[in-house]
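K.L.:
Handing you a structure now.
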Amino acid sequence: MTQLTIGHLAERAGVATSAIRFYESRGLIHSVRTAGNQRRYEQHTLRRIGFIRTAQRIGLTLDEIAEALATLPDNRTPTKSDWHRLSKSWRPRLDEQIRRIELLRDRLDGCIGCGCLSMKSCALTNPGDEAAAYGTGAVWLDPRGGSR
């Protein structure tokens, strides 16, 4: 069973050793300690870190990532089936994020329902700041906010 030092793991994963320690402090990855109290990581930790970094890049929170990783087995290297099950459970969350990004793309150049009333079009698209009834901020861009 191949075990990696924190430096080797960081190098292979493309992250700083401080990130490795942070992920471990959040329970996202685990190490064992040597007799000299040095951290050692199983080879499969590389895949977990890759997963964490990818999930962070697409906007998932560390809590969401931790919840997902908690569904993987601790006593063995996760299989393709384990990873498939985990990624399948995220599909609704990712579909919602895609919908929000498309909404942002399609509406960003027009009124976003922020209540600023500074654009010429505000008198037509948000007369009297009607968007205020739907909440604060850019309510037309928030799928939970107003509907236009």
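By convention in this document, the chains of the structure tokens carry letters A, B, ... by their order, each chain's residues are numbered from 1, and ligands are numbered from 1 in the order they are shown.
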List the neighbours of stretch 17-22 of chain A out to 10 Å using only C-alpha atoms; skip same-chain residues closer than 5 positions along the sequence, and give me the result as a ChimeraX atom specification.
P.N.:
/A:6-11,27-31,39,49
K.L.:
Pick out the residues sitting within 8 Å of stretch 78-91 of chain A, and hand them over as a PyMOL selection string; count only C-alpha atoms, and ignore anything fewer than 5 positions along from it in its own chain.
P.N.:
chain A and resi 44+68-69+71-73
K.L.:
May I have the residues from that selection written out with N, CA and C atoms, as a tab-separated table (two decimals), in the first residue's frame?
P.N.:
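Final file, selection39.tsv:
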```tsv
chain	number	residue	atom	x	y	z
A	44	HIS	N	-5.15	6.94	-2.84
A	44	HIS	CA	-6.48	7.35	-3.31
A	44	HIS	C	-6.87	8.75	-2.82
A	68	ALA	N	-20.90	15.03	0.62
A	68	ALA	CA	-20.77	14.04	-0.46
A	68	ALA	C	-19.67	13.04	-0.17
A	69	LEU	N	-18.52	13.53	0.27
A	69	LEU	CA	-17.40	12.63	0.56
A	69	LEU	C	-17.72	11.68	1.71
A	71	THR	N	-20.23	10.01	2.04
A	71	THR	CA	-20.94	8.84	1.51
A	71	THR	C	-19.98	7.80	0.94
A	72	LEU	N	-18.71	8.15	0.81
A	72	LEU	CA	-17.73	7.21	0.28
A	72	LEU	C	-17.20	6.31	1.40
A	73	PRO	N	-16.77	5.12	1.06
A	73	PRO	CA	-16.27	4.21	2.09
A	73	PRO	C	-14.94	4.68	2.67
```
K.L.:
Could you pull out the residues in stretch 26-90 of chain A that DSSP calls alpha helix (DSSP H) from the backbone, as number ranges by chain?
P.N.:
A: 45-57, 62-69, 80-90
K.L.:
For A:Ile65, which residue among A:Arg93, A:Tyr41, A:Leu104, A:Gly135 is the nearest when counting only C-alpha atoms?
P.N.:
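Nearest candidate to A:Ile65 out of A:Arg93, A:Tyr41, A:Leu104, A:Gly135: A:Arg93.
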K.L.:
For atom CA of A:Gly14 and atom CA of A:Arg33, determine how far apart the two atoms are, in Å to one decimal place.
P.N.:
22.2 Å
K.L.:
To one decimal in Å, tell me the separation between atom CA of A:Gly128 and atom CA of A:Trp140.
P.N.:
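If I compute the distance from atom CA of A:Gly128 to atom CA of A:Trp140, I get 15.1 Å.
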K.L.:
Identify which of the residues A:Ser25, A:Cys114, A:Glu96, A:Asp142 lies closest to A:Glu130, counting only C-alpha atoms when measuring atom-to-atom distances.
P.N.:
A:Cys114
K.L.:
Kindly indicate which residue among A:Asp63, A:Glu42, A:Asp106, A:Asp95 lies nearest to A:Arg76, using only C-alpha atoms for the distances.
P.N.:
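That would be A:Glu42, the residue with the smallest distance to A:Arg76.
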K.L.:
Measuring between only C-alpha atoms, which one of A:Gln97, A:Asn126, A:Gln38, A:Gln43 shows the shortest distance to A:Arg12?
P.N.:
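For A:Arg12, the nearest of the candidates is A:Gln43.
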K.L.:
Please, what distance in Å, to one decimal, runs between atom CA of A:Leu4 and atom CA of A:Arg47?
P.N.:
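Rounded to one decimal, the two atoms are 13.1 Å apart.
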K.L.:
Considering only strand (DSSP E or B) as DSSP defines it on the backbone, what residues of stretch 27-65 of chain A qualify? List them as a ChimeraX atom specification.
P.N.:
/A:32-33,39-42
